[in-house]
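Below: the structure, in structure tokens.
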Amino acid sequence: MSPLRTAAAVLAFDADWVLFELGLAGRHWSYDGQRPQLRFTFDAGHAIVAIQDAPARDISCAPGSFALLSPGVRVRVSRTTPLEILALTFGPEALAGRADIAAIAGEAPIQITDRGVGALAAEVRRALIEEPHPDRGYMAALGKAMLVRALAVIYGGAPSPVRMALSPFRLRRVVDHVEARLDYRITVQELAELVQLSPAHFTRAFRQATGEAPHHFILTRRIARVRELLRDPALCLTTVALRAGFSSHAHMSSVFRRLTGVAPAAYRAGVSARLAS
């Protein structure tokens with residue numbers, strides 16, 4: 001049975017047919033791989049993406065979005081915010097008989113959301129964090145199910161891109177402002193004034209651009225900050241909560257469990273302890 005291993009703050013598990021890697025993605029990332037890879041993001045954020053030789057473009061990353069990358073497709077990504085990414089790397093034979101997937105991946109929207117893929121990703125994350133020795137067969141089955149579902153969504157037709165009501169420049173101002181003030185109270189009125197919109201107009205535009213209401217986006221960014229802080233064993237949970245903008249340890253724990261499926265203490269025990277090993 002393959003134990004969990006860590007590298008560069010990434011939890012990894014090799015189930016033979018698929019390699020799972022869970023961690024906080026860095027600011028810059030590129031794909032020139034020889035093996036198909038399914039990348040799922042748990043957070044909302046902002047990135048600058050270049051596919052193949054096309055000019056780089058600004059995109060908003062919706063929570064629960066995924067991209068399927070295949071050999072022959074080059075991708076370069078620069079992020080303004082850290083995102084929790086689950087990457088599944090498959091054997092070359094995984095896309096056998098689907099030679100056109102490279103063209104689809106190069107032309108489809110960079111992000112696609114699907115509740116089925118999201119549910120499977122959440123279970124993979126739970127197993128990687130909570131189980132010291134995940135069952136290899138079970139993990140391989142989860143990986144295969146994620147790939148099958150992702151392919152069904154892609155071949156069934158990815159959602160048409162929605163015109164963004166917020167320009168990339170305005171969206172980046174909002175995201176940067178939220179990141180800089182996570183340990184303070186942040187209001188919709190404050191964010192709306194930042195981009196010179198009424199609160200109602202801003203809320204609609206923000207949801208259209210990110211797939212999230214502003215309040216939920218702030219919560220997901222606070223949870224992302226919590227995940228970073230939990231990697232420091234010297235910080236007590238109350239300090240972590242306050243630095244991430246929560247009013248109390250109990251409030252943070254409630255939101256963390258609701259959004260991630262695990263308690264902060266379990267996350268710290270399952271991830272931070274392994275990083276120190």
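Residues are named by chain letter and number: chains run A, B, ... in the order of the structure tokens, numbers start at 1 in each chain, and ligands are numbered from 1 in the order shown.
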Selection near His28 of chain A, 8 Å with only C-alpha atoms, sequence-local residues under 6 positions removed, as a list in words: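 Using only C-alpha atoms, the neighbours found are Arg76, Val77, Ser78 and Arg79 of chain A.
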Which polymer residues have any atom within 8 Å of an atom of Phe40 of chain A, counting only C-alpha atoms, with same-chain residues fewer than 2 positions away left out, as an NGL selection string? :A and (38 or 42 or 64-67 or 85-87 or 121)
For the residues in that selection, give me all heavy atoms as a CSV table (one decimal), in the first residue's frame.
```csv
chain,number,residue,atom,x,y,z
A,38,LEU,N,-5.7,16.1,-14.7
A,38,LEU,CA,-6.9,16.8,-14.3
A,38,LEU,C,-6.6,17.6,-13.1
A,38,LEU,O,-6.2,17.1,-12.1
A,38,LEU,CB,-8.0,15.7,-14.0
A,38,LEU,CG,-9.4,16.2,-13.5
A,38,LEU,CD1,-10.0,17.1,-14.6
A,38,LEU,CD2,-10.3,15.1,-13.2
A,42,PHE,N,-10.3,24.2,-5.4
A,42,PHE,CA,-11.3,24.3,-4.4
A,42,PHE,C,-11.7,25.8,-4.1
A,42,PHE,O,-12.7,26.0,-3.5
A,42,PHE,CB,-10.9,23.7,-3.1
A,42,PHE,CG,-10.8,22.2,-3.2
A,42,PHE,CD1,-9.5,21.6,-3.5
A,42,PHE,CD2,-11.9,21.4,-3.0
A,42,PHE,CE1,-9.4,20.2,-3.6
A,42,PHE,CE2,-11.8,20.0,-3.1
A,42,PHE,CZ,-10.6,19.4,-3.4
A,64,GLY,N,-14.5,25.1,-7.4
A,64,GLY,CA,-15.0,23.9,-8.0
A,64,GLY,C,-14.8,23.8,-9.5
A,64,GLY,O,-15.4,23.0,-10.1
A,65,SER,N,-13.9,24.6,-10.0
A,65,SER,CA,-13.7,24.5,-11.5
A,65,SER,C,-12.5,23.5,-11.8
A,65,SER,O,-11.7,23.3,-10.9
A,65,SER,CB,-13.3,25.9,-12.0
A,65,SER,OG,-12.2,26.4,-11.4
A,66,PHE,N,-12.5,23.0,-13.0
A,66,PHE,CA,-11.5,22.0,-13.3
A,66,PHE,C,-11.1,22.2,-14.8
A,66,PHE,O,-11.8,22.8,-15.6
A,66,PHE,CB,-11.9,20.6,-13.1
A,66,PHE,CG,-13.0,20.1,-14.1
A,66,PHE,CD1,-12.6,19.5,-15.3
A,66,PHE,CD2,-14.3,20.2,-13.8
A,66,PHE,CE1,-13.6,19.0,-16.2
A,66,PHE,CE2,-15.3,19.8,-14.7
A,66,PHE,CZ,-14.9,19.2,-15.9
A,67,ALA,N,-9.9,21.7,-15.1
A,67,ALA,CA,-9.4,21.7,-16.5
A,67,ALA,C,-8.7,20.4,-16.7
A,67,ALA,O,-8.0,19.9,-15.8
A,67,ALA,CB,-8.4,22.9,-16.7
A,85,ILE,N,-5.2,23.3,-4.8
A,85,ILE,CA,-5.4,22.5,-6.1
A,85,ILE,C,-5.3,21.0,-5.8
A,85,ILE,O,-4.4,20.6,-5.1
A,85,ILE,CB,-4.3,22.9,-7.1
A,85,ILE,CG1,-4.4,24.4,-7.4
A,85,ILE,CG2,-4.5,22.1,-8.4
A,85,ILE,CD1,-5.6,24.8,-8.2
A,86,LEU,N,-6.2,20.3,-6.4
A,86,LEU,CA,-6.1,18.8,-6.5
A,86,LEU,C,-5.7,18.4,-7.9
A,86,LEU,O,-6.5,18.7,-8.8
A,86,LEU,CB,-7.4,18.1,-6.1
A,86,LEU,CG,-7.4,16.6,-6.2
A,86,LEU,CD1,-6.4,15.9,-5.3
A,86,LEU,CD2,-8.8,16.1,-6.0
A,87,ALA,N,-4.5,17.8,-8.1
A,87,ALA,CA,-4.1,17.4,-9.4
A,87,ALA,C,-4.0,15.9,-9.5
A,87,ALA,O,-3.5,15.2,-8.6
A,87,ALA,CB,-2.7,18.0,-9.7
A,121,ALA,N,-14.0,15.2,-6.0
A,121,ALA,CA,-12.8,15.9,-5.5
A,121,ALA,C,-12.8,16.1,-4.0
A,121,ALA,O,-11.8,15.9,-3.3
A,121,ALA,CB,-12.7,17.2,-6.2
```
Closest-contact table, segment 123-237 of chain A side, partner segment 247-258 of chain A, 12 Å, counting only C-alpha atoms, as JSON lines:
```
{"residue": "A:Arg126", "atom": "CA", "partner": "A:Arg257", "partner_atom": "CA", "distance": 11.1}
{"residue": "A:Leu182", "atom": "CA", "partner": "A:Ser247", "partner_atom": "CA", "distance": 11.8}
{"residue": "A:Asp183", "atom": "CA", "partner": "A:Ser247", "partner_atom": "CA", "distance": 9.6}
{"residue": "A:Tyr184", "atom": "CA", "partner": "A:Ser247", "partner_atom": "CA", "distance": 9.9}
{"residue": "A:Arg185", "atom": "CA", "partner": "A:Ser247", "partner_atom": "CA", "distance": 9.6}
{"residue": "A:His216", "atom": "CA", "partner": "A:Val255", "partner_atom": "CA", "distance": 10.6}
{"residue": "A:Ile218", "atom": "CA", "partner": "A:Val255", "partner_atom": "CA", "distance": 11.7}
{"residue": "A:Leu219", "atom": "CA", "partner": "A:Val255", "partner_atom": "CA", "distance": 7.9}
{"residue": "A:Thr220", "atom": "CA", "partner": "A:Phe256", "partner_atom": "CA", "distance": 9.0}
{"residue": "A:Arg221", "atom": "CA", "partner": "A:Phe256", "partner_atom": "CA", "distance": 11.1}
{"residue": "A:Arg222", "atom": "CA", "partner": "A:Met252", "partner_atom": "CA", "distance": 9.0}
{"residue": "A:Ile223", "atom": "CA", "partner": "A:Phe256", "partner_atom": "CA", "distance": 6.2}
{"residue": "A:Ala224", "atom": "CA", "partner": "A:Phe256", "partner_atom": "CA", "distance": 9.4}
{"residue": "A:Arg225", "atom": "CA", "partner": "A:Phe256", "partner_atom": "CA", "distance": 10.9}
{"residue": "A:Val226", "atom": "CA", "partner": "A:Phe256", "partner_atom": "CA", "distance": 8.4}
{"residue": "A:Arg227", "atom": "CA", "partner": "A:Phe256", "partner_atom": "CA", "distance": 9.2}
{"residue": "A:Leu230", "atom": "CA", "partner": "A:Phe256", "partner_atom": "CA", "distance": 11.7}
{"residue": "A:Cys236", "atom": "CA", "partner": "A:His249", "partner_atom": "CA", "distance": 9.4}
{"residue": "A:Leu237", "atom": "CA", "partner": "A:His249", "partner_atom": "CA", "distance": 6.2}
```
What would the file look like if the residues just selected were written as a compact mmCIF listing (two decimals), in the first residue's frame with C-alpha atoms?
```txt
# COMPACT_ATOMS: atom_id res chain seq x y z
CA ARG A 126 -11.06 13.99 2.72
CA LEU A 182 -8.79 39.40 5.50
CA ASP A 183 -8.14 40.06 9.19
CA TYR A 184 -10.53 43.03 9.13
CA ARG A 185 -14.28 43.29 8.66
CA HIS A 216 -19.10 33.60 0.25
CA ILE A 218 -14.63 36.36 1.42
CA LEU A 219 -15.31 33.22 3.47
CA THR A 220 -13.48 30.99 0.97
CA ARG A 221 -10.47 33.32 0.97
CA ARG A 222 -10.45 33.29 4.78
CA ILE A 223 -10.52 29.51 4.76
CA ALA A 224 -7.61 29.52 2.29
CA ARG A 225 -5.72 31.75 4.74
CA VAL A 226 -6.57 29.34 7.57
CA ARG A 227 -5.11 26.43 5.60
CA LEU A 230 -2.44 25.81 10.07
CA CYS A 236 -2.86 28.12 18.32
CA LEU A 237 -6.25 27.81 16.65
```
If you count only C-alpha atoms, which residues fall within 12 Å of Thr113 of chain A, apart from same-chain ones fewer than 5 positions away, as a PyMOL selection string? chain A and resi 39-44+61-68+118-119+121+149-150+153-154+157-161+210-211
Residue nearest Gly261 of chain A - candidates A:Leu24, A:Ser60, A:Phe90, A:Val124, atoms counted: only C-alpha atoms: A:Val124
Select from segment 12-216 of chain A everything DSSP, run on the backbone, classes as alpha helix (DSSP H), then give the selection as a PyMOL selection string. chain A and resi 101-107+115-130+136-155+168-180+188-194+199-210+214-216
Two-atom distance - atom CA of Ala50 of chain A, atom CA of Ser70 of chain A (Å):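 Separation of atom CA of Ala50 of chain A and atom CA of Ser70 of chain A: 15.1 Å.
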Go ahead and compute the interatomic distance for atom CA of Pro71 of chain A and atom CA of Pro36 of chain A, in Å to one decimal.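 Between atom CA of Pro71 of chain A and atom CA of Pro36 of chain A the gap is 6.2 Å.
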Which residues are near Gly143 of chain A? Cut-off 9 Å, only C-alpha atoms, ignore same chain within fewer than 6 positions. Put them as an NGL selection string. :A and (15 or 17-20 or 88 or 90 or 120-121 or 124)
Arg207 of chain A environment, 10 Å, only C-alpha atoms, sequence neighbours closer than 4 positions dropped, as a ChimeraX atom specification: /A:62,164-166,202-203,211-214,216-217
Once you have the residues from the selection above, write them out as a PDB file, in the first residue's frame, restricted to N, CA and C atoms.
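Final output, result_1.pdb:
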```pdb
ATOM      1  N   ALA A  62     -13.444  30.141 -10.695  1.00  0.00           N
ATOM      2  CA  ALA A  62     -14.592  29.834  -9.857  1.00  0.00           C
ATOM      3  C   ALA A  62     -14.250  28.668  -8.934  1.00  0.00           C
ATOM      4  N   MET A 164     -18.351  38.843 -18.673  1.00  0.00           N
ATOM      5  CA  MET A 164     -18.067  39.312 -17.332  1.00  0.00           C
ATOM      6  C   MET A 164     -18.568  40.732 -17.149  1.00  0.00           C
ATOM      7  N   ALA A 165     -19.353  40.935 -16.097  1.00  0.00           N
ATOM      8  CA  ALA A 165     -19.862  42.270 -15.809  1.00  0.00           C
ATOM      9  C   ALA A 165     -18.802  43.124 -15.133  1.00  0.00           C
ATOM     10  N   LEU A 166     -17.808  42.488 -14.545  1.00  0.00           N
ATOM     11  CA  LEU A 166     -16.680  43.205 -13.965  1.00  0.00           C
ATOM     12  C   LEU A 166     -15.474  43.019 -14.882  1.00  0.00           C
ATOM     13  N   PHE A 202     -22.986  45.729  -7.846  1.00  0.00           N
ATOM     14  CA  PHE A 202     -21.719  45.042  -7.606  1.00  0.00           C
ATOM     15  C   PHE A 202     -21.949  43.570  -7.281  1.00  0.00           C
ATOM     16  N   THR A 203     -22.934  43.295  -6.432  1.00  0.00           N
ATOM     17  CA  THR A 203     -23.199  41.911  -6.038  1.00  0.00           C
ATOM     18  C   THR A 203     -23.556  41.055  -7.245  1.00  0.00           C
ATOM     19  N   GLY A 211     -18.952  33.382  -9.965  1.00  0.00           N
ATOM     20  CA  GLY A 211     -19.811  32.268  -9.582  1.00  0.00           C
ATOM     21  C   GLY A 211     -20.140  32.253  -8.104  1.00  0.00           C
ATOM     22  N   GLU A 212     -19.702  33.265  -7.371  1.00  0.00           N
ATOM     23  CA  GLU A 212     -19.929  33.342  -5.929  1.00  0.00           C
ATOM     24  C   GLU A 212     -20.477  34.700  -5.542  1.00  0.00           C
ATOM     25  N   ALA A 213     -21.271  34.722  -4.470  1.00  0.00           N
ATOM     26  CA  ALA A 213     -21.653  35.992  -3.865  1.00  0.00           C
ATOM     27  C   ALA A 213     -20.439  36.564  -3.134  1.00  0.00           C
ATOM     28  N   PRO A 214     -20.335  37.881  -3.000  1.00  0.00           N
ATOM     29  CA  PRO A 214     -19.163  38.470  -2.330  1.00  0.00           C
ATOM     30  C   PRO A 214     -18.911  37.893  -0.938  1.00  0.00           C
ATOM     31  N   HIS A 216     -19.644  34.948   0.312  1.00  0.00           N
ATOM     32  CA  HIS A 216     -19.095  33.597   0.252  1.00  0.00           C
ATOM     33  C   HIS A 216     -17.661  33.610  -0.257  1.00  0.00           C
ATOM     34  N   PHE A 217     -17.368  34.502  -1.190  1.00  0.00           N
ATOM     35  CA  PHE A 217     -15.991  34.623  -1.681  1.00  0.00           C
ATOM     36  C   PHE A 217     -15.050  35.000  -0.538  1.00  0.00           C
TER      37      PHE A 217
END
```
Per DSSP on the backbone, what are the strand (DSSP E or B) residues of segment 26-200 of chain A, as an NGL selection string? :A and (28-31 or 37-41 or 45-51 or 57-61 or 65-69 or 75-79 or 83-90 or 112-113)
Long-range neighbours of Pro168 of chain A as a compact mmCIF listing (two decimals) with all heavy atoms, in the first residue's frame, 10 Å cut-off, only C-alpha atoms, 5 positions minimum in chain:
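Writing the result to around.txt gives the following:
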```
# COMPACT_ATOMS: atom_id res chain seq x y z
N HIS A 46 -8.06 34.62 -8.98
CA HIS A 46 -7.80 35.30 -10.25
C HIS A 46 -6.47 34.81 -10.79
O HIS A 46 -5.55 34.51 -10.04
CB HIS A 46 -7.76 36.81 -10.04
CG HIS A 46 -7.54 37.58 -11.30
ND1 HIS A 46 -6.29 37.92 -11.76
CD2 HIS A 46 -8.41 38.06 -12.22
CE1 HIS A 46 -6.40 38.58 -12.89
NE2 HIS A 46 -7.67 38.68 -13.18
N ALA A 47 -6.38 34.69 -12.12
CA ALA A 47 -5.15 34.20 -12.73
C ALA A 47 -4.98 34.79 -14.12
O ALA A 47 -5.95 35.26 -14.74
CB ALA A 47 -5.16 32.68 -12.81
N ILE A 48 -3.74 34.78 -14.59
CA ILE A 48 -3.41 35.15 -15.97
C ILE A 48 -2.93 33.87 -16.65
O ILE A 48 -1.99 33.23 -16.20
CB ILE A 48 -2.33 36.24 -16.01
CG1 ILE A 48 -2.82 37.49 -15.29
CG2 ILE A 48 -1.95 36.56 -17.45
CD1 ILE A 48 -1.74 38.55 -15.13
N ARG A 57 -4.34 35.79 -21.04
CA ARG A 57 -5.57 36.51 -20.76
C ARG A 57 -5.94 36.37 -19.29
O ARG A 57 -5.59 35.39 -18.64
CB ARG A 57 -6.72 35.98 -21.63
CG ARG A 57 -7.01 34.50 -21.49
CD ARG A 57 -7.98 34.03 -22.57
NE ARG A 57 -8.23 32.61 -22.55
CZ ARG A 57 -9.28 32.04 -22.00
NH1 ARG A 57 -10.20 32.79 -21.40
NH2 ARG A 57 -9.46 30.74 -22.04
N ASP A 58 -6.64 37.36 -18.77
CA ASP A 58 -7.09 37.33 -17.39
C ASP A 58 -8.34 36.47 -17.28
O ASP A 58 -9.24 36.56 -18.11
CB ASP A 58 -7.44 38.75 -16.90
CG ASP A 58 -6.18 39.58 -16.65
OD1 ASP A 58 -5.09 39.15 -17.05
OD2 ASP A 58 -6.31 40.67 -16.07
N ILE A 59 -8.39 35.63 -16.25
CA ILE A 59 -9.59 34.85 -15.99
C ILE A 59 -9.89 34.89 -14.50
O ILE A 59 -9.00 35.12 -13.68
CB ILE A 59 -9.46 33.39 -16.44
CG1 ILE A 59 -8.42 32.67 -15.58
CG2 ILE A 59 -9.15 33.27 -17.90
CD1 ILE A 59 -8.51 31.17 -15.68
N SER A 60 -11.15 34.69 -14.15
CA SER A 60 -11.52 34.48 -12.76
C SER A 60 -11.68 32.99 -12.56
O SER A 60 -12.23 32.29 -13.42
CB SER A 60 -12.82 35.21 -12.43
OG SER A 60 -13.86 34.76 -13.27
N ARG A 173 -8.77 44.32 -8.57
CA ARG A 173 -8.75 45.28 -7.46
C ARG A 173 -9.52 44.74 -6.27
O ARG A 173 -9.09 44.86 -5.12
CB ARG A 173 -9.36 46.62 -7.89
CG ARG A 173 -8.48 47.46 -8.78
CD ARG A 173 -9.03 48.88 -8.88
NE ARG A 173 -8.94 49.58 -7.61
CZ ARG A 173 -9.46 50.78 -7.39
NH1 ARG A 173 -10.13 51.40 -8.35
NH2 ARG A 173 -9.33 51.36 -6.21
N VAL A 174 -10.68 44.13 -6.54
CA VAL A 174 -11.49 43.59 -5.46
C VAL A 174 -10.76 42.43 -4.78
O VAL A 174 -10.69 42.36 -3.54
CB VAL A 174 -12.86 43.13 -5.99
CG1 VAL A 174 -13.63 42.37 -4.91
CG2 VAL A 174 -13.67 44.33 -6.46
N ALA A 209 -19.15 37.21 -12.45
CA ALA A 209 -17.73 37.06 -12.80
C ALA A 209 -17.07 35.88 -12.11
O ALA A 209 -16.16 35.26 -12.66
CB ALA A 209 -16.98 38.35 -12.46
```
